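Here is the structure we will look at.
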Amino acid sequence: MPPILWLIPGLPLFGFVALYLSAGRMPHRAAAAIGVGSIGLATLLAFAFAHWFLGASLPGDVYLETAWRWITIGGFDPAVAFRLDPLSLVMMLVVTFVGFLIHLYSAEFMAKDEGYGRFFAYMNLFVAAMLTLVLADNLLVLYAGWEGVGLASYLLIGFWYRDPANGAAARKAFILTRIGDTAFIIGLFLLFHELGTLDIATLMARAHETWATGSAVANAAAALLLAGALGKSAQLPLQTWLPDAMAGPTPVSALLHAATMVTAGVYLIARTHELFELAPAVEFTVAVIGAATLLLAACSALNQHDIKRILAYSTMSQIGYMFLALGVGAWTAAIFHFMTHAFFKALLFLAAGAVMMRLNDEHDIFRMGGLWRRMPVAFVSFLIGASSLAALPLVTAGFYSKDMILWGVWSSGPAGPGLWATGFVGAFITALYSFRAVFVMFFGDARRTPSGRYGWCIVAPLAVLSALALTGGFVNIPSALGNVNSFSDLLAPVLPARQEVTTASTTQALVMAATSLLVLLGVYLAYLTYIQRAQVLRRIATSSPARALAGFWFGGWGFDTLYEHIFVRPFLALARLNRNDIVDACYGGLVVASRTLNRALSRTVTGRVRAYAAWVAVGSLAALAIALFLQ
Amino acid sequence: MASVSPSQALLLAMILFALGLAGVLARRNLVFLLMSIEIMLNAAGLAFVVAGSRWHQPDGQILFILVLTLAASEVAVGLALILRIHQRNASLDADAAAKLKG
């Protein structure tokens with residue numbers, strides 16, 4: 001291959017520049033051609049690289065491409081370099097391909113929006129930044145992509161900027177992720193200070209040589225990187241921005257929550273997993289945070305009315321699964337779930353968007369109902385997406401990836417079964433809330449009449465993603481069901497399996513069967529509640545403790561209120577206190593004093609020569625007197 | 001000729017200086033003001049001469065000559081100013097020239 005790997009993030013960046021410089025004066029057709037075309041070309045190029053990479057068998061399975069040297073200061077000389085290895089290959093393919101489908105969908109979905117060109121400009125910027133992030137060879141370039149993603153997410157969440165609420169949501173996302181970013185860059189400083197490089201491969205090798213497992217520095221560095229990942233991936237305690245980020249257009253949510261932004265944290269931890277292995281305490285924290293977030297978010301998803309908020313909480317929950325996997329060292333499982341999640345979550349968002357688009361932008365699932373006959377395309381897509389999210393056994397991609405995670409967690413050591421139990425319960429709630437959405441939206445009495453119809457730009461991405469959400473999991477099938485390991489084998493050079501699974505395969509099959517049963521039970525419970533409307537369940541749901549709990553979960557476990565009281569209010573109070581700048585008052589005092597003196601002295605300027613002479617005489621006398629008396 | 005003691009001479013210089021100062025402070029007429037300044041200058045000059053004779057040094061008398069030239073030039077400038085002020089204000093009142101203040 002010619003050295004044109006840089007074109008993969010470069011093409012969307014060119015698209016961004018072209019669209020942005022046109023300042024919205026470009027006709028819609030041209031804007032769509034550039035916006036979708038740049039990603040499309042990048043996708044083709046990515047597939048060409050993948051084809052070449054898989055056939056080339058390079059030494060160490062790494063292809064490096066240095067664009068230029070960024071700066072050289074003493075021993076610090078980071079290069080703008082791109083690295084293609086199995087991990088970044090998977091990420092790159094998913095980001096470009098799913099990103100392309102979302103762009104294609106947006107070409108029709110956003111057709112009536114006046115900010116059409118601006119929309120594609122920001123979307124291209126987003127994809128360019130994300131590709132820089134996943135292809136970066138050193139942490140500095142990765143950080144540049146990381147910040148680019150933050151900026152683009154801010155621009156996209158606040159895309160409809162005329163509504164102040166959207167601007168507030170955008171700021172919230174930006175500020176909360178920034179807290180993580182700050183920890184991340186401090187982590188980079190620490191790593192460079194201790195190990196003298198930011199190049200990822202060298203860094204990991206040196207970390208192994210220099211630091212003992214569990215040493216304080218290794219723990220600190222891993223914890224700082226983790227904080228960065230928590231912010232971007234919306235995990236506890238920096239998760240509150242994500243539900244509000246739904247303020248942007250639906251394709252934005254699909255892009256942010258499926259293939260890009262929120263998985264950046266997962267990628268970062270997988271990329272630097274050797275560092276996390278040196279810090280077992282931090283690694284365990286990753287697992288615990290993942291487990292907590294997945295349960296918390298799943299419960300919140302169970303109570304939302306807004307379809308986009310259901311999906312937002314489910315994203316948090318699924319990323320929680322990925323963190324759980326990362327925390328127990330099942331790196332491959334996390335990346336596998338990232339891939340299938342990208343497929344089915346993009347599908348769910350796009351299908352939800354397709355429903356809302358024809359219902360005059362209706363978000364509330366309880367005002368939909370009975371839509372399955374009226375919009376079969378959206379129904380089938382959403383059903384497939386929800387099945388994959390719920391991990392319906394055997395037929396969906398989500399089943400294989402979630403099973404891989406749960407098995408990895410189970411067999412990870414003494415804490416395994418405990419963590420596994422949370423994932424197990426989470427799987428049940430996931431099935432419940434995803435089919436709650438399906439049943440409420442598409443079955444029951446029809447409440448609204450849809451208008452319009454879909455063009456191929458909407459149908460094609462839905463179809464492709466549906467196929468992937470069903471079949472994407474067949475690249476890795478557990479031994480009990482046929483033992484296909486192409487995905488783990490592909491990633492093995494970068495993410496080796498940490499522990500050899502010694503437990504008998506019957507246990508694995510039993511664990512899998514238990515999860516499958518539980519998922520089916522969840523679906524059945526949703527069916528009973530929302531289709532059969534069973535009296536018992538209804539009575540439980542309307543009892544006052546259940547209502548209180550539901551209200552608590554609806555608000556995302558009160559985190560917003562908590563942060564409002566702990567951080568926002570004290571900060572505002574401080575700001576109000578210091579409104580006139582207390583430090584500045586010292587300098588203000590100087591000004592007042594010199595003005596007063598000036599006014600007093602200028603009163604002596606009378607123009608009377610004799611008075612001056614008198615003052616001179618008095619002054620000389622005084623000076624003489626002082627000189628005499630002080631002698 | 002009976003010699004004058006330095007302290008007596010200095011006393012004379014002081015009296016002359018005080019008279020000049022009183023004149024500067026009390027008189028409003030610019031010409032008298034100028035004359036009073038001359039008296040103060042001469043008082044200072046006298047003090048120099050006395051000091052010179054006390055230490056038998058010529059410096060005091062040299063300085064007196066310097067003061068004298070200074071006084072002459074000062075008078076020249078002062079009189080020119082007084083003429084201008086008189087032409088402008090049609091009076092020699094020093095307080096009437098107070099509009100010169102900044």
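In the structure tokens, each chain is lettered A, B, ... as it comes, each chain's residues begin at 1, and ligands are numbered from 1 in order of appearance.
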
**Prompt:** Near Val134 in chain A, counting only C-alpha atoms, which residues have an atom at most 8 Å away, once you skip same-chain residues fewer than 6 positions from it, shown as a list in words?
**Reply:** Ser88, Met91, Met92, Leu142 and Tyr267 of chain A

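What chain B places within 9 Å of chain A, counting only C-alpha atoms, is B:Leu21, B:Val24, B:Leu25, B:Ala26, B:Arg27, B:Arg28, B:Leu33, B:Ala94, B:Asp95, B:Ala96, B:Ala97, B:Ala98, B:Lys99, B:Leu100, B:Lys101, B:Gly102.
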
If we count only C-alpha atoms, what is near Phe487 in chain A at a cut-off of 6 Å, once residues fewer than 3 positions away on the same chain are taken out, given as a PyMOL selection string?
-> chain A and resi 475-476+490

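CA of Leu11 in chain A to CA of Ala152 in chain A spans 16.2 Å [interatomic distance, one decimal].
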
Checklist entry - Could you pull the residues within 10 Å of Asn360 in chain A, counting only C-alpha atoms, minus those fewer than 4 positions along the same chain, as a PyMOL selection string? => result chain A and resi 355-356+448-452

Could you turn the residues from that selection into a file that holds C-alpha atoms, as a PDB file, in the first residue's frame?
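As written to disk, selection-v6.pdb reads:
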ATOM      1  CA  VAL A 355     -40.159   6.791  13.698  1.00  0.00           C
ATOM      2  CA  MET A 356     -39.955  10.291  15.153  1.00  0.00           C
ATOM      3  CA  ARG A 448     -50.838   8.831  15.968  1.00  0.00           C
ATOM      4  CA  THR A 449     -51.011   8.650  12.219  1.00  0.00           C
ATOM      5  CA  PRO A 450     -47.619   8.760  10.560  1.00  0.00           C
ATOM      6  CA  SER A 451     -47.032  10.953   7.540  1.00  0.00           C
ATOM      7  CA  GLY A 452     -44.570  10.829   4.657  1.00  0.00           C
TER       8      GLY A 452
END

- Message: So that I can see what lies close to range 125-131 of chain A, please list as a ChimeraX atom specification the residues with an atom at most 6 Å from it, counting only C-alpha atoms and leaving out residues fewer than 6 positions away in the same chain.
- Response: /A:9,12-13,16,145,148-149,152

Practice task
Please provide as a PyMOL selection string all residues within 7 Å of range 515-525 of chain A, with the sequence filter that same-chain residues fewer than 5 positions apart are discarded (counting only C-alpha atoms).
Solution key: chain A and resi 390+392-393+424+427-429+431-432+435
